[in-house]
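So this one's query-v8.txt, compact mmCIF, C-alpha atoms and all ligand atoms:
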# COMPACT_ATOMS: atom_id res chain seq x y z
CA MET A 1 0.00 0.00 0.00
CA ASN A 2 1.32 3.44 -0.71
CA GLY A 3 2.40 5.48 2.29
CA SER A 4 -0.38 8.02 2.08
CA ARG A 5 -3.12 5.36 2.25
CA LEU A 6 -1.49 3.89 5.34
CA GLU A 7 -1.28 7.33 6.88
CA VAL A 8 -4.96 7.90 6.13
CA MET A 9 -5.91 4.54 7.66
CA ASN A 10 -3.98 5.41 10.81
CA HIS A 11 -5.66 8.78 10.94
CA VAL A 12 -9.19 7.39 10.52
CA GLU A 13 -8.44 4.67 13.07
CA LYS A 14 -8.45 7.30 15.82
CA TYR A 15 -11.98 8.24 14.81
CA VAL A 16 -12.99 4.57 14.85
CA VAL A 17 -11.68 4.11 18.40
CA LYS A 18 -13.74 7.08 19.54
CA LYS A 19 -16.88 5.94 17.74
CA LEU A 20 -16.82 2.21 18.53
CA PRO A 21 -19.34 2.48 21.40
CA LYS A 22 -21.78 4.05 18.91
CA PHE A 23 -21.12 1.68 16.05
CA LEU A 24 -21.41 -1.49 18.15
CA ARG A 25 -23.88 -2.40 20.90
CA PRO A 26 -22.57 -3.54 24.31
CA ILE A 27 -22.62 -7.34 24.33
CA ASP A 28 -24.34 -7.65 27.71
CA GLN A 29 -27.31 -5.61 26.51
CA ASN A 30 -27.44 -6.90 22.97
CA TRP A 31 -30.07 -9.27 21.64
CA GLN A 32 -29.21 -12.93 21.06
CA PRO A 33 -30.85 -15.50 18.80
CA ALA A 34 -32.37 -17.25 21.84
CA ASP A 35 -34.48 -14.13 22.54
CA PHE A 36 -36.56 -14.87 19.43
CA LEU A 37 -36.84 -18.66 19.44
CA PRO A 38 -38.80 -21.20 21.51
CA ASP A 39 -36.81 -22.39 24.54
CA ALA A 40 -36.31 -26.17 24.33
CA ARG A 41 -36.34 -26.36 28.16
CA ASP A 42 -39.93 -25.12 28.33
CA ILE A 43 -42.83 -27.49 28.62
CA SER A 44 -44.57 -25.41 25.96
CA PHE A 45 -41.69 -25.91 23.49
CA PHE A 46 -43.42 -28.39 21.20
CA ASP A 47 -46.63 -26.33 21.11
CA GLU A 48 -44.64 -23.24 20.21
CA VAL A 49 -42.81 -25.08 17.44
CA ARG A 50 -46.10 -26.42 16.12
CA ASN A 51 -47.50 -22.88 16.01
CA LEU A 52 -44.34 -21.63 14.34
CA GLN A 53 -44.67 -24.36 11.71
CA GLU A 54 -48.35 -23.57 11.12
CA ARG A 55 -47.56 -19.92 10.46
CA ALA A 56 -44.63 -20.90 8.23
CA LYS A 57 -47.05 -22.75 5.94
CA GLU A 58 -48.48 -19.42 4.78
CA LEU A 59 -45.23 -18.27 3.22
CA ALA A 60 -44.74 -18.60 -0.55
CA TYR A 61 -42.13 -20.59 -2.46
CA ASP A 62 -40.10 -17.55 -3.61
CA PHE A 63 -40.16 -16.25 -0.07
CA TRP A 64 -38.42 -19.40 1.18
CA ALA A 65 -35.88 -19.22 -1.65
CA VAL A 66 -34.98 -15.69 -0.58
CA LEU A 67 -34.91 -16.39 3.15
CA ILE A 68 -32.70 -19.45 2.67
CA GLY A 69 -30.38 -17.62 0.23
CA ASP A 70 -30.11 -14.74 2.72
CA THR A 71 -29.29 -17.17 5.50
CA ILE A 72 -26.56 -18.89 3.48
CA THR A 73 -25.14 -15.45 2.67
CA GLU A 74 -25.05 -14.60 6.38
CA GLU A 75 -23.52 -17.97 7.24
CA ALA A 76 -20.56 -17.34 4.93
CA LEU A 77 -19.34 -14.82 7.52
CA PRO A 78 -15.82 -16.35 7.84
CA THR A 79 -15.17 -15.26 4.24
CA TYR A 80 -16.09 -11.68 5.04
CA GLU A 81 -14.16 -11.55 8.28
CA SER A 82 -10.96 -12.86 6.75
CA TRP A 83 -11.35 -10.45 3.85
CA LEU A 84 -11.75 -7.49 6.24
CA ALA A 85 -8.88 -8.63 8.45
CA GLY A 86 -6.63 -8.96 5.41
CA MET A 87 -7.24 -5.37 4.38
CA GLU A 88 -4.11 -3.23 4.17
CA GLY A 89 -3.76 -0.92 7.13
CA VAL A 90 -5.17 -3.44 9.62
CA ASN A 91 -2.74 -4.57 12.30
CA GLN A 92 -4.12 -7.72 13.91
CA GLN A 93 -1.61 -7.54 16.76
CA GLU A 94 -3.42 -4.54 18.16
CA ARG A 95 -6.59 -4.81 20.18
CA SER A 96 -8.03 -1.47 19.23
CA GLY A 97 -9.15 0.53 16.22
CA TRP A 98 -9.63 -1.40 13.00
CA THR A 99 -9.05 -4.82 14.55
CA GLN A 100 -11.62 -4.19 17.26
CA TRP A 101 -14.11 -2.89 14.74
CA ILE A 102 -13.70 -6.01 12.58
CA ARG A 103 -14.04 -8.35 15.57
CA GLY A 104 -17.02 -6.48 16.95
CA TRP A 105 -18.72 -6.34 13.56
CA THR A 106 -18.16 -10.06 13.06
CA ALA A 107 -19.46 -10.87 16.53
CA GLU A 108 -22.68 -8.97 15.83
CA GLU A 109 -23.08 -10.40 12.33
CA ASN A 110 -22.59 -13.94 13.62
CA ARG A 111 -25.98 -13.74 15.35
CA HIS A 112 -27.75 -13.19 12.01
CA GLY A 113 -26.91 -16.52 10.37
CA ASP A 114 -27.31 -18.29 13.69
CA LEU A 115 -30.83 -16.96 14.30
CA LEU A 116 -32.06 -17.45 10.72
CA ASN A 117 -30.61 -20.95 10.55
CA LYS A 118 -32.41 -22.00 13.72
CA TYR A 119 -35.66 -20.47 12.52
CA LEU A 120 -35.39 -22.33 9.20
CA TYR A 121 -34.69 -25.58 11.01
CA LEU A 122 -37.73 -25.18 13.26
CA SER A 123 -39.97 -24.08 10.37
CA GLY A 124 -40.10 -27.59 8.94
CA ARG A 125 -40.08 -26.18 5.39
CA VAL A 126 -36.40 -26.59 4.61
CA ASP A 127 -34.18 -29.41 3.45
CA MET A 128 -31.45 -28.53 5.92
CA LYS A 129 -28.84 -30.84 4.46
CA GLN A 130 -29.15 -29.28 1.00
CA MET A 131 -28.90 -25.83 2.54
CA GLU A 132 -25.84 -26.86 4.53
CA ILE A 133 -24.17 -28.20 1.39
CA SER A 134 -24.70 -24.82 -0.29
CA THR A 135 -23.28 -23.07 2.76
CA GLN A 136 -20.18 -25.21 2.79
CA TYR A 137 -19.75 -24.65 -0.95
CA LEU A 138 -20.07 -20.89 -0.56
CA LEU A 139 -17.49 -20.80 2.21
CA ASN A 140 -15.23 -23.05 0.19
CA ASP A 141 -15.64 -20.96 -2.98
CA GLY A 142 -15.19 -17.55 -1.31
CA PHE A 143 -16.00 -14.48 -3.39
CA ASP A 144 -14.45 -12.14 -5.90
CA ILE A 145 -15.75 -8.64 -5.39
CA GLY A 146 -13.00 -6.58 -6.97
CA THR A 147 -11.65 -4.75 -3.92
CA ALA A 148 -8.34 -6.63 -3.53
CA ALA A 149 -6.90 -5.60 -0.14
CA ASP A 150 -7.59 -1.91 -0.69
CA PRO A 151 -9.44 -0.39 2.29
CA TYR A 152 -10.95 2.41 0.17
CA ARG A 153 -12.59 -0.07 -2.22
CA ASN A 154 -13.51 -2.29 0.72
CA PHE A 155 -15.40 0.52 2.47
CA ILE A 156 -17.27 1.39 -0.71
CA TYR A 157 -18.30 -2.22 -0.99
CA THR A 158 -19.36 -2.55 2.65
CA SER A 159 -21.16 0.82 2.62
CA PHE A 160 -23.20 -0.41 -0.31
CA GLN A 161 -23.65 -3.98 0.80
CA GLU A 162 -24.78 -3.30 4.36
CA GLN A 163 -27.40 -0.94 2.98
CA ALA A 164 -28.53 -3.65 0.55
CA THR A 165 -28.91 -6.20 3.35
CA LEU A 166 -30.77 -3.64 5.46
CA ILE A 167 -33.29 -3.27 2.62
CA SER A 168 -33.67 -6.97 1.95
CA HIS A 169 -34.09 -8.07 5.58
CA MET A 170 -36.55 -5.24 6.12
CA ARG A 171 -38.64 -6.26 3.13
CA VAL A 172 -38.59 -9.94 4.05
CA GLY A 173 -39.80 -8.89 7.50
CA ALA A 174 -42.58 -6.78 6.00
CA ILE A 175 -43.80 -9.72 3.91
CA ALA A 176 -43.72 -11.99 6.97
CA LYS A 177 -45.77 -9.43 8.90
CA LYS A 178 -48.36 -9.28 6.12
CA GLN A 179 -48.57 -13.07 6.18
CA ASP A 180 -49.43 -13.02 9.88
CA ASN A 181 -46.01 -14.13 11.00
CA PRO A 182 -45.03 -11.62 13.70
CA GLU A 183 -42.19 -13.72 15.13
CA LEU A 184 -40.36 -13.92 11.79
CA ALA A 185 -41.13 -10.24 11.14
CA LYS A 186 -39.44 -9.38 14.44
CA ILE A 187 -36.40 -11.52 13.65
CA CYS A 188 -35.93 -9.76 10.31
CA ALA A 189 -36.45 -6.30 11.83
CA LYS A 190 -33.81 -6.95 14.50
CA ILE A 191 -31.28 -8.12 11.91
CA ALA A 192 -32.13 -5.20 9.61
CA ALA A 193 -31.46 -2.75 12.46
CA ASP A 194 -27.94 -4.18 12.89
CA GLU A 195 -27.32 -3.88 9.16
CA GLY A 196 -28.43 -0.25 9.22
CA ARG A 197 -26.06 0.58 12.08
CA HIS A 198 -23.20 -1.19 10.30
CA ALA A 199 -24.00 0.60 7.03
CA HIS A 200 -23.78 3.89 8.86
CA ALA A 201 -20.37 2.96 10.33
CA TYR A 202 -18.84 1.98 6.97
CA GLN A 203 -20.32 5.05 5.30
CA SER A 204 -18.77 7.26 7.96
CA PHE A 205 -15.33 5.70 7.29
CA VAL A 206 -15.67 6.79 3.67
CA THR A 207 -16.74 10.29 4.76
CA LYS A 208 -13.63 10.54 6.93
CA ILE A 209 -11.32 9.34 4.16
CA MET A 210 -12.97 11.68 1.66
CA GLU A 211 -12.03 14.61 3.91
CA VAL A 212 -8.31 13.88 3.73
CA ASP A 213 -7.80 11.95 0.48
CA PRO A 214 -10.66 12.98 -1.82
CA ASN A 215 -9.06 12.08 -5.15
CA GLU A 216 -8.11 8.54 -4.27
CA MET A 217 -11.43 7.93 -2.51
CA MET A 218 -13.36 9.22 -5.52
CA LEU A 219 -11.34 7.00 -7.86
CA ALA A 220 -11.99 3.99 -5.66
CA PHE A 221 -15.75 4.75 -5.63
CA SER A 222 -15.98 5.09 -9.41
CA ASP A 223 -13.82 2.00 -9.93
CA MET A 224 -16.13 -0.10 -7.75
CA MET A 225 -19.23 1.18 -9.53
CA ARG A 226 -17.69 0.48 -12.95
CA LYS A 227 -17.05 -3.08 -11.84
CA LYS A 228 -20.57 -3.17 -10.33
CA ILE A 229 -21.21 -4.18 -6.74
CA VAL A 230 -21.66 -7.94 -6.87
CA MET A 231 -23.49 -9.68 -4.07
CA PRO A 232 -21.36 -11.62 -1.59
CA ALA A 233 -23.18 -14.86 -2.50
CA HIS A 234 -22.53 -14.53 -6.22
CA TYR A 235 -20.80 -17.94 -6.19
CA LEU A 236 -23.89 -19.63 -4.67
CA ARG A 237 -24.46 -23.19 -5.87
CA GLU A 238 -26.20 -26.42 -4.90
CA LEU A 239 -25.20 -30.05 -4.80
CA GLY A 240 -23.75 -31.01 -8.18
CA GLY A 241 -24.03 -27.44 -9.52
CA GLU A 242 -21.43 -25.23 -11.15
CA LEU A 243 -19.84 -22.31 -9.34
CA GLY A 244 -22.46 -19.55 -9.05
CA ALA A 245 -25.19 -21.57 -10.82
CA THR A 246 -27.82 -20.94 -8.12
CA PHE A 247 -27.19 -17.26 -7.59
CA THR A 248 -29.27 -15.98 -10.53
CA HIS A 249 -32.25 -18.06 -9.43
CA PHE A 250 -31.96 -16.68 -5.89
CA SER A 251 -31.68 -13.14 -7.20
CA ASP A 252 -34.65 -13.65 -9.60
CA ALA A 253 -36.79 -14.81 -6.67
CA ALA A 254 -35.76 -11.69 -4.71
CA GLN A 255 -36.74 -9.49 -7.66
CA ARG A 256 -40.08 -11.26 -8.09
CA ILE A 257 -41.16 -10.70 -4.49
CA GLY A 258 -39.66 -7.19 -4.50
CA VAL A 259 -37.14 -7.86 -1.74
CA TYR A 260 -34.14 -6.58 -3.67
CA THR A 261 -34.47 -5.19 -7.19
CA ALA A 262 -32.41 -3.40 -9.84
CA ASN A 263 -34.14 -0.20 -8.72
CA ASP A 264 -32.89 -0.71 -5.18
CA TYR A 265 -29.34 -0.85 -6.56
CA VAL A 266 -29.80 2.59 -8.11
CA ASP A 267 -31.51 3.94 -4.98
CA ILE A 268 -28.56 2.86 -2.85
CA LEU A 269 -26.11 4.48 -5.25
CA GLU A 270 -28.12 7.70 -5.16
CA SER A 271 -28.24 7.70 -1.37
CA LEU A 272 -24.47 7.22 -1.18
CA LEU A 273 -23.89 10.12 -3.59
CA LYS A 274 -25.94 12.27 -1.21
CA ILE A 275 -24.44 10.97 2.05
CA TRP A 276 -20.92 11.71 0.81
CA SER A 277 -21.98 14.98 -0.93
CA ILE A 278 -20.17 13.78 -4.02
CA ASP A 279 -21.22 16.82 -6.03
CA HIS A 280 -19.56 19.14 -3.48
CA VAL A 281 -16.28 17.37 -2.71
CA PRO A 282 -13.55 20.04 -2.99
CA ASP A 283 -9.91 19.86 -4.16
CA LEU A 284 -10.27 17.27 -6.90
CA ASN A 285 -7.66 16.93 -9.62
CA GLU A 286 -8.52 16.08 -13.21
CA ALA A 287 -8.83 12.35 -12.62
CA GLY A 288 -10.95 12.97 -9.52
CA GLU A 289 -13.26 15.31 -11.45
CA LYS A 290 -13.68 12.71 -14.18
CA ALA A 291 -14.53 10.03 -11.63
CA ARG A 292 -17.08 12.36 -10.01
CA ASP A 293 -18.68 13.10 -13.40
CA TYR A 294 -19.02 9.40 -14.08
CA LEU A 295 -20.61 8.80 -10.67
CA MET A 296 -23.05 11.71 -10.88
CA LYS A 297 -24.35 10.54 -14.26
CA LEU A 298 -24.53 6.89 -13.33
CA PRO A 299 -27.94 6.75 -11.58
CA ASP A 300 -29.80 8.04 -14.66
CA ARG A 301 -27.99 5.60 -16.90
CA LEU A 302 -28.70 2.67 -14.61
CA ARG A 303 -32.32 3.74 -14.17
CA ARG A 304 -32.83 3.60 -17.95
CA VAL A 305 -31.31 0.13 -18.05
CA SER A 306 -33.35 -1.12 -15.10
CA GLU A 307 -36.59 0.12 -16.68
CA ARG A 308 -35.97 -2.19 -19.62
CA LEU A 309 -35.20 -5.18 -17.41
CA LYS A 310 -37.83 -7.87 -17.28
CA ILE A 311 -38.16 -9.88 -14.11
CA PRO A 312 -37.87 -13.56 -15.06
CA GLU A 313 -41.07 -15.43 -14.31
CA HIS A 314 -39.60 -18.91 -14.33
CA GLN A 315 -39.76 -20.38 -10.84
CA TYR A 316 -36.67 -22.51 -10.46
CA GLU A 317 -36.83 -25.54 -8.20
CA PHE A 318 -34.36 -25.19 -5.36
CA SER A 319 -33.05 -28.30 -3.63
CA TRP A 320 -33.29 -26.41 -0.33
CA ILE A 321 -37.05 -26.09 -0.17
CA GLY A 322 -38.77 -29.10 1.25
CA ILE A 323 -42.41 -28.08 0.96
FE FE B 401 -25.87 -9.68 8.49
FE FE B 402 -24.16 -7.02 7.38
As structure tokens, please, write out the structure in this file.
Amino acid sequence: MNGSRLEVMNHVEKYVVKKLPKFLRPIDQNWQPADFLPDARDISFFDEVRNLQERAKELAYDFWAVLIGDTITEEALPTYESWLAGMEGVNQQERSGWTQWIRGWTAEENRHGDLLNKYLYLSGRVDMKQMEISTQYLLNDGFDIGTAADPYRNFIYTSFQEQATLISHMRVGAIAKKQDNPELAKICAKIAADEGRHAHAYQSFVTKIMEVDPNEMMLAFSDMMRKKIVMPAHYLRELGGELGATFTHFSDAAQRIGVYTANDYVDILESLLKIWSIDHVPDLNEAGEKARDYLMKLPDRLRRVSERLKIPEHQYEFSWIGI
């Protein structure tokens, strides 16, 4: 990494140390998966599970595809943690700053896959073994999201991605609520709230970097958008499938039920342009100005493309869904 990026990372690290108590919730007061699931020690456990399974019957096929795909994405957390920890400018010998943020973020995220996995197991609608095979594949396959070990590109990716997961968990929760499934709605809302807080943290890292290294940050932003933000589960597959073969089907199901669409992609981009006041960033050189121009024009271009997109109607048969 060039010296100035390292200097910037060290500079922003001081801000992270100060803000950690805001970006992460104290563990002792934080929610845990057990707060939202029947307690197997209770005499009422089997009745509660039966009720949970009855309510789960109301949920549609595409809904399950999305919820399972989301869970597998959450369960591939070791990939994301090792990617963050391998970012240049992170010193894993230290117990503060970037390292503590990454550990704390991982520790909060770990509850998401855990809670969703247990819900899916109890629901009685899921072929757990097939889902577990996909999870092991995804962890084994990793991801290729075009950031390399560059923290600037990494924070663009995470700023975008955490916002995307906030939207999708929120929408899944809203559908569950409509289908008279308040316990699942609550689960999704709790997870979405974490994602929102994390999105805010990553976005503030970019704001801080933009203040001291605007040209390089702008170039990183435009580079990531040119490459497109790919989803972390883009290599998703099932038993016997090729690398990434299941991802399109998962993403089609999400589009069909309106959980995450091409329009959401553009909305997130637009919100990031606003949050970072891209049109007002001062002190840009020629390359920085060009990158800004590209970014400012991008939402309109993408909007035109997304208007022409047709949502595929074909309902693929996932091995995961055991209805
Ligand atoms: Fe998550
Ligand atoms: Fe997240």
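For region 194-204 of chain A, the list of residues within 7 Å, based on all atoms listed in the file and with local chain neighbours fewer than 3 positions off taken out, reads Phe23, Phe155, Thr158, Ser159, Glu162, Gln163, Thr165, Leu166, Lys190, Ile191, Thr207 and Lys208 of chain A.
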*Residue neighbourhood Ile133 (chain A), 9 Å, all atoms listed in the file, exclusion window fewer than 5 positions, as an NGL selection string*: :A and (128 or 138 or 237-239)
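Closest approach to ligand FE 402 (chain B) from the set A:Glu307, A:Asp70, A:Asp279, A:Asp141 is made by A:Asp70, with distances taken over only C-alpha atoms and all ligand atoms.
Take the candidates A:Ile167, A:Val12, A:Ile27, A:Leu120 and check each one against ligand FE 402 (chain B) using all atoms listed in the file; the shortest distance goes to A:Ile167.
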_Within 8 Å of region 244-259 of chain A using only C-alpha atoms, minus same-chain residues under 2 positions, as a PyMOL selection string_ = chain A and resi 62-63+65-66+69+167-169+171-172+233-238+241-242+261-262+311-313+315-316
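Restricting the calculation to only C-alpha atoms and all ligand atoms, the smallest distance between ligand FE 401 (chain B) and any of A:Glu75, A:Asp300, A:Glu211, A:Asp267 is found for A:Glu75.
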Is it possible to get the axis-aligned box enclosing region 215-227 of chain A (all listed atoms, 4 Å extra per side) as lines of an AutoDock Vina configuration file, with centre and edge lengths in Å rounded to one decimal?
center_x = -13.7
center_y = 4.5
center_z = -7.7
size_x = 19.1
size_y = 23.2
size_z = 18.4
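Proximity of A:Val281, A:Ala34, A:Ala107, A:Ala56 to ligand FE 402 (chain B), computed with only C-alpha atoms and all ligand atoms, is greatest for A:Ala107.
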_Please list, as a PyMOL selection string, the residues that have an atom at most 12 Å away from (-37.6, -28.0, 3.1) in the coordinates of this file, counting only C-alpha atoms._
chain A and resi 53+56-57+61+64-65+67-68+120-132+317-323
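From CA of Ser96 (chain A) back to CA of Lys14 (chain A), the distance works out to 9.4 Å.
In this comparison, which uses only C-alpha atoms and all ligand atoms, the residue of A:Tyr265, A:Trp276, A:Trp101, A:Tyr80 approaching ligand FE 402 (chain B) most closely is A:Tyr80.
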Find the nearest atom pair between each residue of region 45-151 of chain A and region 4-7 of chain A for residues within 9 Å, count all atoms listed in the file, give distances in Å to one decimal, sort rows by chain and ascending number, and present the table as a tab-separated table.
residue	atom	partner	partner_atom	distance
A:Glu88	CA	A:Leu6	CA	7.7
A:Gly89	CA	A:Leu6	CA	5.6
A:Pro151	CA	A:Arg5	CA	8.5
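You can rank A:Glu109, A:Asp264, A:Glu216, A:Asp283 by their closest distance to ligand FE 402 (chain B) using all atoms listed in the file, and at the top of that list sits A:Glu109.
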*asked:* What's around Gly288 (chain A) at 9 Å? Count all atoms listed in the file, leave out sequence neighbours fewer than 5 positions away in its own chain, and write the answer as a PyMOL selection string.
replied: chain A and resi 214-219+283+293
Can you write out the residues you just picked, keeping C-alpha atoms, as a PDB file, in the frame of the given file?
ATOM      1  CA  PRO A 214     -10.660  12.980  -1.820  1.00  0.00           C
ATOM      2  CA  ASN A 215      -9.060  12.080  -5.150  1.00  0.00           C
ATOM      3  CA  GLU A 216      -8.110   8.540  -4.270  1.00  0.00           C
ATOM      4  CA  MET A 217     -11.430   7.930  -2.510  1.00  0.00           C
ATOM      5  CA  MET A 218     -13.360   9.220  -5.520  1.00  0.00           C
ATOM      6  CA  LEU A 219     -11.340   7.000  -7.860  1.00  0.00           C
ATOM      7  CA  ASP A 283      -9.910  19.860  -4.160  1.00  0.00           C
ATOM      8  CA  ASP A 293     -18.680  13.100 -13.400  1.00  0.00           C
TER       9      ASP A 293
END
*Quick one: distance from CA of Glu286 (chain A) to CA of Phe160 (chain A) in Å, one decimal?*
25.6 Å
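Our summary of the geometry notes that CA of Val206 (chain A) is positioned 13.7 Å from CA of Gln161 (chain A).
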Name all residues at most 7 Å from Leu139 (chain A) (count all atoms listed in the file; drop same-chain ones fewer than 3 positions away) and give them as a PDB file with C-alpha atoms, in the coordinates of the input.
ATOM      1  CA  ALA A  76     -20.560 -17.340   4.930  1.00  0.00           C
ATOM      2  CA  THR A  79     -15.170 -15.260   4.240  1.00  0.00           C
ATOM      3  CA  THR A 135     -23.280 -23.070   2.760  1.00  0.00           C
ATOM      4  CA  GLN A 136     -20.180 -25.210   2.790  1.00  0.00           C
ATOM      5  CA  GLY A 142     -15.190 -17.550  -1.310  1.00  0.00           C
TER       6      GLY A 142
END
